[in-house]
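Below: one structure, written as structure tokens.
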Amino acid sequence: MSPSEPAAPPRSPRPTACDLAITPAQHSGIRWAPSGCWTLETLEQAERALAQTAGAPPAVLVLDLSSLVALDTAGALMLARAVRDARPAEIAIRGGTDAQRALVEAIRGRIEPSAPPAAERRRDIPGAALLARIGAAVIEAAAESGRQLGFLGRLLTTLPRLARSPRDWPIVPFVAHLERAGVDATPLVGLLSLMIGGVLAVLGADLLARFGAEIFTVNLVSFAFLREFGVLLAAILVAGRSASAFAAEIGSMKSREEIDAMEVLGLDPLERLVIPRIAALVLALPLLTVVADALGLLGGAIVSALLLDISPSLFMARLQEATELRHFATGLLKAPIFAVLIGLIGCFQGLQVEGDAESVGRRTTRAVVQAIFAVILADAFFAVLLLEIGL
Amino acid sequence: MTDTPRCEPEAAVVVRGLVTRFGGRVVHDGVDLVVGRGDVLGIVGASGSGKSVLLRAMLGLVRPAAGRVEVLGVDVRRATGALRTALERRRGVLFQDGALFSTLSVLENVKVPLRRFTRLPDRLLDEVARLRIRMAGLPDDAAYRRPAELSGGMRKRAGLARALALDPEILFLDEPTAGLDPIGAAALDRLVADLASMLGLTVVMVTHDLDSLLTVCTRIAVLAGRRIVICGPVDEVIASGHPWVKEYFHGPRGRAATRGRRQGE
Ligand SMILES: Nc1ncnc2c1ncn2[C@@H]1O[C@H](COP(=O)(O)OP(=O)(O)OP(=O)(O)O)[C@@H](O)[C@H]1O
Ligand SMILES: [Mg+2]
């Protein structure tokens, strides 16, 4: 499209034909005359046309560009590569516009001096890749456990310092996270508890009716919800909502170097980012547990009234009789512990992010999976422990 | 002017009465700009004056409140279907911070536009992509690295390699030399100038680099006070009496860069 050429129409022609004529030249030389359009679109054709050039290195190679219609860098790459592989003793570029000759010369100067090694992939023993992956995963899991313990340790060391200087307490982010992790989760936790409470009542009634002990449905719902289900439901939902949010938030901050910027400014990311999040969960999860307990019992009461002829007042009376404070207390006591686990895992995974967006996604997934796993594992541990000590 | 569909057939980019706004904040208020084919235009202006937004408007990425942008005779906001695809095929873009796809290696990044518009076998794509990476001045082993494993300057070069992937007719560059070392910046200037002369490429670049302005650009447009205050050949713009232009080219840094130009003549 230099001024000398006819003015290009709005959509410049990109024809789809190219060819190469090979003729002998003077001094036992050879002449290559590419014709047509040597552009990105015709690259495959160009390569095929050039396949006929293989042979003994000629003394002189004359590259005659005079019948070219169009040439771009991709086409020039094909020519330059063929010239390289022909290994002529001498090369002369003729014809064509100045710009075209300059382009071929420029690309000749920029391609690899020799053809790249054909296959770079290593051939592995079958199954070796699988073994290697398993091994790498085991080593990585061990290393990560170590890092996670280290993270917990570092977090604990910030606590005494924070305790001494209440002015540094990150109150504002704490409140913000309390709202997002706690208040915003309330409707979901409540609704699910209501439904599970109802389901539990139906199941219990179905089973207990065979022994004529339908009234014990109340005991079942109250015992199960106050001791286990309330806190477990709340914790699993919070793990799904907040562990992922923490990991993604902190992770994208990490990948945008915000964490580095904080450290350079002498702001402790643990103190500013991790502590308020975990603290918010430690307060929010027990409260959500109370909500779950209450609505679970309500769900049980509704189903009992509708399906089992246990009137609400009977349900209440039975509830007061059957429920012991220690059930409620054991449920509630587990909540802060689960909260710490969820917060720790979410924040830790966020800080493990490096670089790209994919890493954020991977860490977020891992945060949720690990947080739910940790909650259930811890709950099983408590169940056995409390049974053994007779609480 | 807006009723005649194409008043400048030789123009690569035509911007008419462009107004852009973010909420209540007006960034451009009646920008007029014409870039001829084969021009290498440098857009200068203070930080925050709206250069990047103007470039994004030329790409059709921001919706103007008023006015019209045509690139290669195609209205960038209205074009649809084949017309739009043709435009995408014929332009290359380098964003201010590279905008590489973070989950792909540099080589794969460069192959994305090639895959989109050609049906070449992978082997040829690799080869073309590797040439682009070399042209942009990156070492060969950078091809297999992810953007996160590159330095800021290398990311910019990788972005340039991707912009060049399709041998575009028009290249939009947002601060191509920012963050490069002087040697690399000079090499990049030379590359742009070479491509412009060898392929007849039209280049629109936003730059603060006085050396690039003076060595590669054929024209300069100055964005100040929400409009293009002056647009013309480099020497004319430097010699003009506009106060901002004076300060820009005749301040301590400008003097050092323009001195070489005057001696060279
Ligand atoms: N998405 C957006 N939303 C709101 N305001 C924006 C947005 N993008 C840009 N702006 C505003 O538009 C103005 C121009 O921004 P622009 O990025 O174009 O500046 P610039 O001239 O490229 O500056 P620099 O030289 O620093 O890159 C700025 O005031 C900026 O705050
Ligand atoms: Mg900008």
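Labels used: A, B, ... for chains in the order of the structure tokens, numbers from 1 for residues in each chain, and numbers from 1 for ligands as shown.
Residues of chain A having any atom within 7 Å of chain B, counting only C-alpha atoms, are Met1, Ser2, Pro10, Glu41, Glu44, Asp72, Thr73, Ala74, Ala99, Gln100, Ala102, Leu103, Arg110, Ile111, Gly355, Asp356, Ala357 and Glu358 of chain A.
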Kindly compile the residues surrounding ligand 2 within 9 Å, counting only C-alpha atoms and all ligand atoms, and format them as a PDB file with all heavy atoms, in the first residue's frame.
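Dumped to part32.pdb:
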ATOM      1  N   SER B  47      -1.108  12.935  31.422  1.00  0.00           N
ATOM      2  CA  SER B  47      -1.691  11.732  32.016  1.00  0.00           C
ATOM      3  C   SER B  47      -3.122  12.015  32.408  1.00  0.00           C
ATOM      4  O   SER B  47      -3.411  13.049  32.997  1.00  0.00           O
ATOM      5  CB  SER B  47      -0.908  11.324  33.264  1.00  0.00           C
ATOM      6  OG  SER B  47       0.281  10.721  32.899  1.00  0.00           O
ATOM      7  N   GLY B  48      -4.009  11.126  32.045  1.00  0.00           N
ATOM      8  CA  GLY B  48      -5.406  11.309  32.404  1.00  0.00           C
ATOM      9  C   GLY B  48      -6.167  12.194  31.431  1.00  0.00           C
ATOM     10  O   GLY B  48      -7.330  12.494  31.644  1.00  0.00           O
ATOM     11  N   SER B  49      -5.512  12.596  30.338  1.00  0.00           N
ATOM     12  CA  SER B  49      -6.208  13.482  29.402  1.00  0.00           C
ATOM     13  C   SER B  49      -7.134  12.693  28.480  1.00  0.00           C
ATOM     14  O   SER B  49      -7.901  13.284  27.731  1.00  0.00           O
ATOM     15  CB  SER B  49      -5.194  14.264  28.574  1.00  0.00           C
ATOM     16  OG  SER B  49      -4.373  13.376  27.861  1.00  0.00           O
ATOM     17  N   GLY B  50      -7.058  11.365  28.510  1.00  0.00           N
ATOM     18  CA  GLY B  50      -8.009  10.578  27.729  1.00  0.00           C
ATOM     19  C   GLY B  50      -7.421   9.935  26.488  1.00  0.00           C
ATOM     20  O   GLY B  50      -8.152   9.592  25.571  1.00  0.00           O
ATOM     21  N   LYS B  51      -6.123   9.731  26.476  1.00  0.00           N
ATOM     22  CA  LYS B  51      -5.498   9.101  25.306  1.00  0.00           C
ATOM     23  C   LYS B  51      -5.917   7.647  25.184  1.00  0.00           C
ATOM     24  O   LYS B  51      -6.324   7.194  24.113  1.00  0.00           O
ATOM     25  CB  LYS B  51      -3.967   9.194  25.414  1.00  0.00           C
ATOM     26  CG  LYS B  51      -3.456  10.613  25.545  1.00  0.00           C
ATOM     27  CD  LYS B  51      -1.958  10.664  25.656  1.00  0.00           C
ATOM     28  CE  LYS B  51      -1.418   9.956  26.884  1.00  0.00           C
ATOM     29  NZ  LYS B  51      -1.837  10.542  28.152  1.00  0.00           N
ATOM     30  N   SER B  52      -5.825   6.939  26.307  1.00  0.00           N
ATOM     31  CA  SER B  52      -6.204   5.521  26.253  1.00  0.00           C
ATOM     32  C   SER B  52      -7.677   5.380  25.909  1.00  0.00           C
ATOM     33  O   SER B  52      -8.068   4.484  25.152  1.00  0.00           O
ATOM     34  CB  SER B  52      -5.926   4.839  27.590  1.00  0.00           C
ATOM     35  OG  SER B  52      -4.552   4.848  27.865  1.00  0.00           O
ATOM     36  N   VAL B  53      -8.495   6.264  26.443  1.00  0.00           N
ATOM     37  CA  VAL B  53      -9.928   6.189  26.158  1.00  0.00           C
ATOM     38  C   VAL B  53     -10.174   6.469  24.672  1.00  0.00           C
ATOM     39  O   VAL B  53     -11.005   5.815  24.042  1.00  0.00           O
ATOM     40  CB  VAL B  53     -10.714   7.169  27.054  1.00  0.00           C
ATOM     41  CG1 VAL B  53     -12.177   7.203  26.652  1.00  0.00           C
ATOM     42  CG2 VAL B  53     -10.593   6.758  28.510  1.00  0.00           C
ATOM     43  N   LEU B  55      -8.122   5.789  22.264  1.00  0.00           N
ATOM     44  CA  LEU B  55      -7.718   4.576  21.562  1.00  0.00           C
ATOM     45  C   LEU B  55      -8.800   3.509  21.682  1.00  0.00           C
ATOM     46  O   LEU B  55      -9.132   2.816  20.713  1.00  0.00           O
ATOM     47  CB  LEU B  55      -6.408   4.067  22.166  1.00  0.00           C
ATOM     48  CG  LEU B  55      -5.492   3.291  21.231  1.00  0.00           C
ATOM     49  CD1 LEU B  55      -4.994   4.185  20.122  1.00  0.00           C
ATOM     50  CD2 LEU B  55      -4.318   2.726  21.996  1.00  0.00           C
ATOM     51  N   PHE B  95      -2.411  -3.270  24.154  1.00  0.00           N
ATOM     52  CA  PHE B  95      -2.969  -2.506  25.268  1.00  0.00           C
ATOM     53  C   PHE B  95      -1.857  -1.995  26.168  1.00  0.00           C
ATOM     54  O   PHE B  95      -0.737  -2.481  26.136  1.00  0.00           O
ATOM     55  CB  PHE B  95      -3.926  -3.377  26.075  1.00  0.00           C
ATOM     56  CG  PHE B  95      -5.224  -3.619  25.380  1.00  0.00           C
ATOM     57  CD1 PHE B  95      -5.411  -4.737  24.601  1.00  0.00           C
ATOM     58  CD2 PHE B  95      -6.247  -2.702  25.487  1.00  0.00           C
ATOM     59  CE1 PHE B  95      -6.603  -4.963  23.947  1.00  0.00           C
ATOM     60  CE2 PHE B  95      -7.445  -2.906  24.832  1.00  0.00           C
ATOM     61  CZ  PHE B  95      -7.617  -4.040  24.064  1.00  0.00           C
ATOM     62  N   GLN B  96      -2.257  -1.013  27.018  1.00  0.00           N
ATOM     63  CA  GLN B  96      -1.234  -0.330  27.815  1.00  0.00           C
ATOM     64  C   GLN B  96      -0.452  -1.307  28.693  1.00  0.00           C
ATOM     65  O   GLN B  96       0.744  -1.170  28.832  1.00  0.00           O
ATOM     66  CB  GLN B  96      -1.886   0.767  28.670  1.00  0.00           C
ATOM     67  CG  GLN B  96      -0.872   1.660  29.370  1.00  0.00           C
ATOM     68  CD  GLN B  96      -1.456   3.001  29.779  1.00  0.00           C
ATOM     69  OE1 GLN B  96      -2.624   3.296  29.580  1.00  0.00           O
ATOM     70  NE2 GLN B  96      -0.632   3.842  30.358  1.00  0.00           N
ATOM     71  N   ASP B 174      -0.727   1.319  22.658  1.00  0.00           N
ATOM     72  CA  ASP B 174      -0.835   2.208  23.814  1.00  0.00           C
ATOM     73  C   ASP B 174       0.470   2.157  24.592  1.00  0.00           C
ATOM     74  O   ASP B 174       0.772   1.173  25.252  1.00  0.00           O
ATOM     75  CB  ASP B 174      -2.016   1.790  24.699  1.00  0.00           C
ATOM     76  CG  ASP B 174      -2.436   2.917  25.639  1.00  0.00           C
ATOM     77  OD1 ASP B 174      -1.675   3.902  25.753  1.00  0.00           O
ATOM     78  OD2 ASP B 174      -3.515   2.809  26.237  1.00  0.00           O
ATOM     79  N   GLU B 175       1.231   3.202  24.478  1.00  0.00           N
ATOM     80  CA  GLU B 175       2.525   3.320  25.145  1.00  0.00           C
ATOM     81  C   GLU B 175       3.407   2.101  24.923  1.00  0.00           C
ATOM     82  O   GLU B 175       3.760   1.403  25.869  1.00  0.00           O
ATOM     83  CB  GLU B 175       2.315   3.555  26.645  1.00  0.00           C
ATOM     84  CG  GLU B 175       1.352   4.698  26.859  1.00  0.00           C
ATOM     85  CD  GLU B 175       1.627   5.476  28.120  1.00  0.00           C
ATOM     86  OE1 GLU B 175       2.594   5.145  28.822  1.00  0.00           O
ATOM     87  OE2 GLU B 175       0.885   6.424  28.375  1.00  0.00           O
ATOM     88  N   VAL B 206      -0.208   5.819  21.215  1.00  0.00           N
ATOM     89  CA  VAL B 206      -0.188   6.753  22.324  1.00  0.00           C
ATOM     90  C   VAL B 206       1.184   6.629  22.927  1.00  0.00           C
ATOM     91  O   VAL B 206       1.657   5.518  23.163  1.00  0.00           O
ATOM     92  CB  VAL B 206      -1.243   6.356  23.367  1.00  0.00           C
ATOM     93  CG1 VAL B 206      -1.052   7.169  24.628  1.00  0.00           C
ATOM     94  CG2 VAL B 206      -2.630   6.546  22.807  1.00  0.00           C
ATOM     95  N   THR B 207       1.856   7.729  23.129  1.00  0.00           N
ATOM     96  CA  THR B 207       3.194   7.585  23.700  1.00  0.00           C
ATOM     97  C   THR B 207       3.605   8.830  24.462  1.00  0.00           C
ATOM     98  O   THR B 207       3.160   9.938  24.185  1.00  0.00           O
ATOM     99  CB  THR B 207       4.228   7.263  22.601  1.00  0.00           C
ATOM    100  OG1 THR B 207       5.475   7.003  23.217  1.00  0.00           O
ATOM    101  CG2 THR B 207       4.373   8.394  21.607  1.00  0.00           C
TER     102      THR B 207
END
**Study point:** Shell of 12 Å around ligand 1 (only C-alpha atoms and all ligand atoms), written as a ChimeraX atom specification
**Key:** /B:19-28,43-57,61-63,95-97,173-176,178,205-209,222-227
So that I can see what lies close to range 135-150 of chain A, please list as a PDB file with N, CA and C atoms, in the first residue's frame the residues with an atom at most 7 Å from it, counting only C-alpha atoms and leaving out residues fewer than 4 positions away in the same chain.
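Output (result_26.pdb):
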ATOM      1  N   LEU A 131       2.428 -41.830  37.589  1.00  0.00           N
ATOM      2  CA  LEU A 131       3.183 -41.993  38.833  1.00  0.00           C
ATOM      3  C   LEU A 131       3.805 -40.675  39.256  1.00  0.00           C
ATOM      4  N   ARG A 154       2.463 -17.951  62.334  1.00  0.00           N
ATOM      5  CA  ARG A 154       2.660 -16.507  62.101  1.00  0.00           C
ATOM      6  C   ARG A 154       1.449 -15.718  62.560  1.00  0.00           C
ATOM      7  N   PHE A 348      -5.496 -18.767  53.828  1.00  0.00           N
ATOM      8  CA  PHE A 348      -4.233 -19.402  53.459  1.00  0.00           C
ATOM      9  C   PHE A 348      -4.199 -19.707  51.968  1.00  0.00           C
TER      10      PHE A 348
END
Review point. Which polymer residues have any atom within 9 Å of an atom of Asn219 in chain A, counting only C-alpha atoms, with same-chain residues fewer than 5 positions away left out, as number ranges by chain?
Key: A: 224, 318-319, 322-323
Please write the residues from the selection above to a file, keeping C-alpha atoms, as a JSON list (two decimals), in the first residue's frame.
[["chain", "number", "residue", "atom", "x", "y", "z"],
["A", 224, "ALA", "CA", -29.81, -33.78, 66.40],
["A", 318, "ARG", "CA", -41.90, -31.90, 75.09],
["A", 319, "LEU", "CA", -38.99, -29.78, 73.90],
["A", 322, "ALA", "CA", -36.28, -33.32, 76.56],
["A", 323, "THR", "CA", -33.69, -30.67, 75.85]]
Study note, to complete from the structure: Of B:Val110, B:Ala193, B:Ala143, B:Ala187, the one sitting nearest Ala161 in chain B when using only C-alpha atoms is B:Val110
**Study point:** Distance query range 46-55 of chain A at most 8 Å, only C-alpha atoms, self and fewer than 5 positions along chain excluded, as a count of residues only
**Key:** 10
Practice item. Run DSSP on the backbone of this structure and report the residues of range 10-182 of chain B it assigns to strand (DSSP E or B), as a ChimeraX atom specification. Key: /B:11-22,25-36,40-45,66-71,74-75,91-94,170-174
Take the residues that were just selected and, keeping N, CA and C atoms, output them as a CSV table (one decimal), in the first residue's frame.
chain,number,residue,atom,x,y,z
B,11,ALA,N,-8.3,7.8,4.2
B,11,ALA,CA,-8.0,7.8,5.6
B,11,ALA,C,-8.2,6.4,6.2
B,12,ALA,N,-7.3,6.1,7.1
B,12,ALA,CA,-7.4,4.8,7.8
B,12,ALA,C,-8.3,4.9,9.0
B,13,VAL,N,-8.2,6.1,9.7
B,13,VAL,CA,-9.1,6.3,10.8
B,13,VAL,C,-9.7,7.7,10.7
B,14,VAL,N,-11.0,7.8,10.9
B,14,VAL,CA,-11.7,9.1,10.9
B,14,VAL,C,-12.5,9.2,12.2
B,15,VAL,N,-12.2,10.2,13.0
B,15,VAL,CA,-12.9,10.4,14.2
B,15,VAL,C,-13.6,11.8,14.0
B,16,ARG,N,-14.9,11.8,14.2
B,16,ARG,CA,-15.7,13.0,14.0
B,16,ARG,C,-16.5,13.3,15.2
B,17,GLY,N,-16.3,14.5,15.8
B,17,GLY,CA,-17.1,15.0,16.9
B,17,GLY,C,-17.3,14.0,18.0
B,18,LEU,N,-16.2,13.3,18.4
B,18,LEU,CA,-16.4,12.3,19.4
B,18,LEU,C,-16.5,12.9,20.8
B,19,VAL,N,-17.6,12.5,21.5
B,19,VAL,CA,-17.8,12.9,22.9
B,19,VAL,C,-17.9,11.6,23.7
B,20,THR,N,-17.0,11.5,24.7
B,20,THR,CA,-17.1,10.3,25.6
B,20,THR,C,-17.3,10.8,27.0
B,21,ARG,N,-18.0,10.0,27.8
B,21,ARG,CA,-18.3,10.4,29.2
B,21,ARG,C,-18.3,9.2,30.0
B,22,PHE,N,-17.9,9.4,31.3
B,22,PHE,CA,-18.0,8.3,32.3
B,22,PHE,C,-18.9,8.9,33.4
B,25,ARG,N,-18.5,12.6,34.2
B,25,ARG,CA,-17.2,13.2,33.8
B,25,ARG,C,-17.0,13.1,32.3
B,26,VAL,N,-16.8,14.2,31.7
B,26,VAL,CA,-16.6,14.3,30.2
B,26,VAL,C,-15.1,14.1,30.0
B,27,VAL,N,-14.8,13.1,29.2
B,27,VAL,CA,-13.3,12.9,28.9
B,27,VAL,C,-13.0,13.5,27.5
B,28,HIS,N,-13.9,13.3,26.5
B,28,HIS,CA,-13.6,14.0,25.2
B,28,HIS,C,-14.9,14.8,24.9
B,29,ASP,N,-14.6,16.0,24.4
B,29,ASP,CA,-15.8,16.9,24.0
B,29,ASP,C,-15.6,17.4,22.6
B,30,GLY,N,-15.9,16.5,21.6
B,30,GLY,CA,-15.8,17.0,20.2
B,30,GLY,C,-14.4,16.7,19.7
B,31,VAL,N,-13.9,15.5,19.7
B,31,VAL,CA,-12.6,15.2,19.2
B,31,VAL,C,-12.7,14.9,17.7
B,32,ASP,N,-11.9,15.6,16.9
B,32,ASP,CA,-11.9,15.3,15.4
B,32,ASP,C,-10.5,14.9,15.1
B,33,LEU,N,-10.3,13.8,14.3
B,33,LEU,CA,-9.0,13.4,14.0
B,33,LEU,C,-9.1,12.5,12.8
B,34,VAL,N,-8.1,12.7,11.9
B,34,VAL,CA,-8.1,11.9,10.7
B,34,VAL,C,-6.7,11.3,10.6
B,35,VAL,N,-6.5,10.0,10.4
B,35,VAL,CA,-5.2,9.4,10.2
B,35,VAL,C,-5.2,8.8,8.8
B,36,GLY,N,-4.2,9.3,8.0
B,36,GLY,CA,-4.1,8.8,6.7
B,36,GLY,C,-3.5,7.4,6.6
B,40,VAL,N,2.2,7.3,10.6
B,40,VAL,CA,2.5,6.8,11.9
B,40,VAL,C,2.2,8.0,12.8
B,41,LEU,N,1.1,7.9,13.5
B,41,LEU,CA,0.6,9.0,14.3
B,41,LEU,C,0.9,8.8,15.8
B,42,GLY,N,1.5,9.8,16.4
B,42,GLY,CA,1.7,9.7,17.8
B,42,GLY,C,0.7,10.6,18.5
B,43,ILE,N,-0.1,10.1,19.5
B,43,ILE,CA,-1.0,10.9,20.2
B,43,ILE,C,-0.3,11.2,21.6
B,44,VAL,N,-0.2,12.5,21.8
B,44,VAL,CA,0.4,12.9,23.1
B,44,VAL,C,-0.7,13.7,23.9
B,45,GLY,N,-0.4,13.8,25.2
B,45,GLY,CA,-1.3,14.5,26.1
B,45,GLY,C,-0.9,14.2,27.5
B,66,ALA,N,-21.5,10.8,21.7
B,66,ALA,CA,-21.9,11.4,20.4
B,66,ALA,C,-20.7,11.3,19.5
B,67,GLY,N,-20.9,11.4,18.2
B,67,GLY,CA,-19.8,11.3,17.3
B,67,GLY,C,-19.6,10.0,16.7
B,68,ARG,N,-18.6,9.8,15.9
B,68,ARG,CA,-18.5,8.6,15.1
B,68,ARG,C,-17.0,8.3,14.9
B,69,VAL,N,-16.7,7.0,14.9
B,69,VAL,CA,-15.4,6.5,14.6
B,69,VAL,C,-15.4,5.5,13.5
B,70,GLU,N,-14.6,5.8,12.4
B,70,GLU,CA,-14.4,4.9,11.3
B,70,GLU,C,-13.0,4.4,11.2
B,71,VAL,N,-12.8,3.1,11.2
B,71,VAL,CA,-11.5,2.6,10.9
B,71,VAL,C,-11.5,1.8,9.7
B,74,VAL,N,-14.8,1.5,8.1
B,74,VAL,CA,-15.8,0.7,8.8
B,74,VAL,C,-16.2,1.5,10.1
B,75,ASP,N,-17.5,1.7,10.3
B,75,ASP,CA,-17.9,2.3,11.6
B,75,ASP,C,-17.7,1.3,12.7
B,91,ARG,N,-6.7,-5.4,11.9
B,91,ARG,CA,-6.1,-4.5,12.9
B,91,ARG,C,-5.4,-5.3,14.0
B,92,GLY,N,-4.3,-4.6,14.5
B,92,GLY,CA,-3.6,-5.2,15.6
B,92,GLY,C,-3.6,-4.2,16.8
B,93,VAL,N,-3.7,-4.8,18.0
B,93,VAL,CA,-3.8,-3.9,19.2
B,93,VAL,C,-2.9,-4.3,20.3
B,94,LEU,N,-2.2,-3.3,20.8
B,94,LEU,CA,-1.3,-3.5,22.0
B,94,LEU,C,-1.9,-2.6,23.1
B,170,ILE,N,-3.4,-2.0,10.2
B,170,ILE,CA,-3.4,-0.9,11.1
B,170,ILE,C,-3.1,-1.4,12.5
B,171,LEU,N,-2.2,-0.7,13.2
B,171,LEU,CA,-1.7,-1.1,14.5
B,171,LEU,C,-2.0,0.0,15.5
B,172,PHE,N,-2.7,-0.4,16.6
B,172,PHE,CA,-3.0,0.5,17.6
B,172,PHE,C,-2.1,0.2,18.8
B,173,LEU,N,-1.3,1.1,19.2
B,173,LEU,CA,-0.3,0.8,20.3
B,173,LEU,C,-0.6,1.8,21.4
B,174,ASP,N,-0.7,1.3,22.7
B,174,ASP,CA,-0.8,2.2,23.8
B,174,ASP,C,0.5,2.2,24.6
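Relative to CA of Cys217 in chain B, CA of Val234 in chain B is found at 7.2 Å.
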Exercise for review: Name the residues in contact with range 203-207 of chain A at a cut-off of 8 Å, using only C-alpha atoms, excluding same-chain residues fewer than 3 positions from it; report them as a list of chain:residue names.
Suggested key: A:Val199, A:Leu200, A:Arg210, A:Phe211, A:Glu214, A:Thr217, A:Leu220, A:Val221, A:Leu308
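CA of Val303 in chain A lies 6.5 Å from CA of Ala201 in chain A.
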Check your understanding: Out of A:Leu273, A:Leu297, A:Val340, A:Leu77, which residue has the shortest atom-to-atom distance to Leu43 in chain A when counting only C-alpha atoms?
Key ->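 The shortest atom-to-atom distance to Leu43 in chain A comes from A:Leu77.
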**Study point:** Non-local contacts of Pro243 in chain B (12 Å; only C-alpha atoms; under 4 positions in same chain excluded) as a ChimeraX atom specification
**Key:** /B:222,224,229-230,237-239,247-251
Kindly save the residues from that selection, with N, CA and C atoms included, as an mmCIF file, in the first residue's frame.
data_model
loop_
_atom_site.group_PDB
_atom_site.id
_atom_site.type_symbol
_atom_site.label_atom_id
_atom_site.label_comp_id
_atom_site.auth_asym_id
_atom_site.auth_seq_id
_atom_site.Cartn_x
_atom_site.Cartn_y
_atom_site.Cartn_z
ATOM 1 N N VAL B 222 -2.109 16.269 19.390
ATOM 2 C CA VAL B 222 -2.024 16.663 20.794
ATOM 3 C C VAL B 222 -3.429 16.729 21.369
ATOM 4 N N ALA B 224 -5.557 17.851 24.407
ATOM 5 C CA ALA B 224 -5.523 18.712 25.595
ATOM 6 C C ALA B 224 -6.873 19.389 25.698
ATOM 7 N N VAL B 229 -5.973 19.502 20.007
ATOM 8 C CA VAL B 229 -5.720 20.921 19.775
ATOM 9 C C VAL B 229 -4.880 21.145 18.535
ATOM 10 N N ILE B 230 -4.031 20.173 18.208
ATOM 11 C CA ILE B 230 -3.266 20.332 16.986
ATOM 12 C C ILE B 230 -2.883 18.956 16.472
ATOM 13 N N VAL B 237 4.141 20.557 14.335
ATOM 14 C CA VAL B 237 3.593 20.542 15.686
ATOM 15 C C VAL B 237 4.615 21.089 16.671
ATOM 16 N N ILE B 238 5.885 20.676 16.500
ATOM 17 C CA ILE B 238 6.910 21.154 17.426
ATOM 18 C C ILE B 238 7.049 22.667 17.324
ATOM 19 N N ALA B 239 6.943 23.174 16.112
ATOM 20 C CA ALA B 239 7.146 24.605 15.923
ATOM 21 C C ALA B 239 5.931 25.435 16.319
ATOM 22 N N GLU B 247 5.601 23.680 26.167
ATOM 23 C CA GLU B 247 6.140 23.143 27.406
ATOM 24 C C GLU B 247 6.601 21.703 27.213
ATOM 25 N N TYR B 248 5.832 20.950 26.409
ATOM 26 C CA TYR B 248 6.112 19.529 26.208
ATOM 27 C C TYR B 248 7.427 19.330 25.463
ATOM 28 N N PHE B 249 7.569 20.018 24.334
ATOM 29 C CA PHE B 249 8.742 19.775 23.499
ATOM 30 C C PHE B 249 9.914 20.677 23.844
ATOM 31 N N HIS B 250 9.635 21.780 24.535
ATOM 32 C CA HIS B 250 10.736 22.701 24.795
ATOM 33 C C HIS B 250 11.069 22.777 26.262
ATOM 34 N N GLY B 251 10.470 21.893 27.078
ATOM 35 C CA GLY B 251 10.884 21.746 28.462
ATOM 36 C C GLY B 251 12.239 21.065 28.485
#
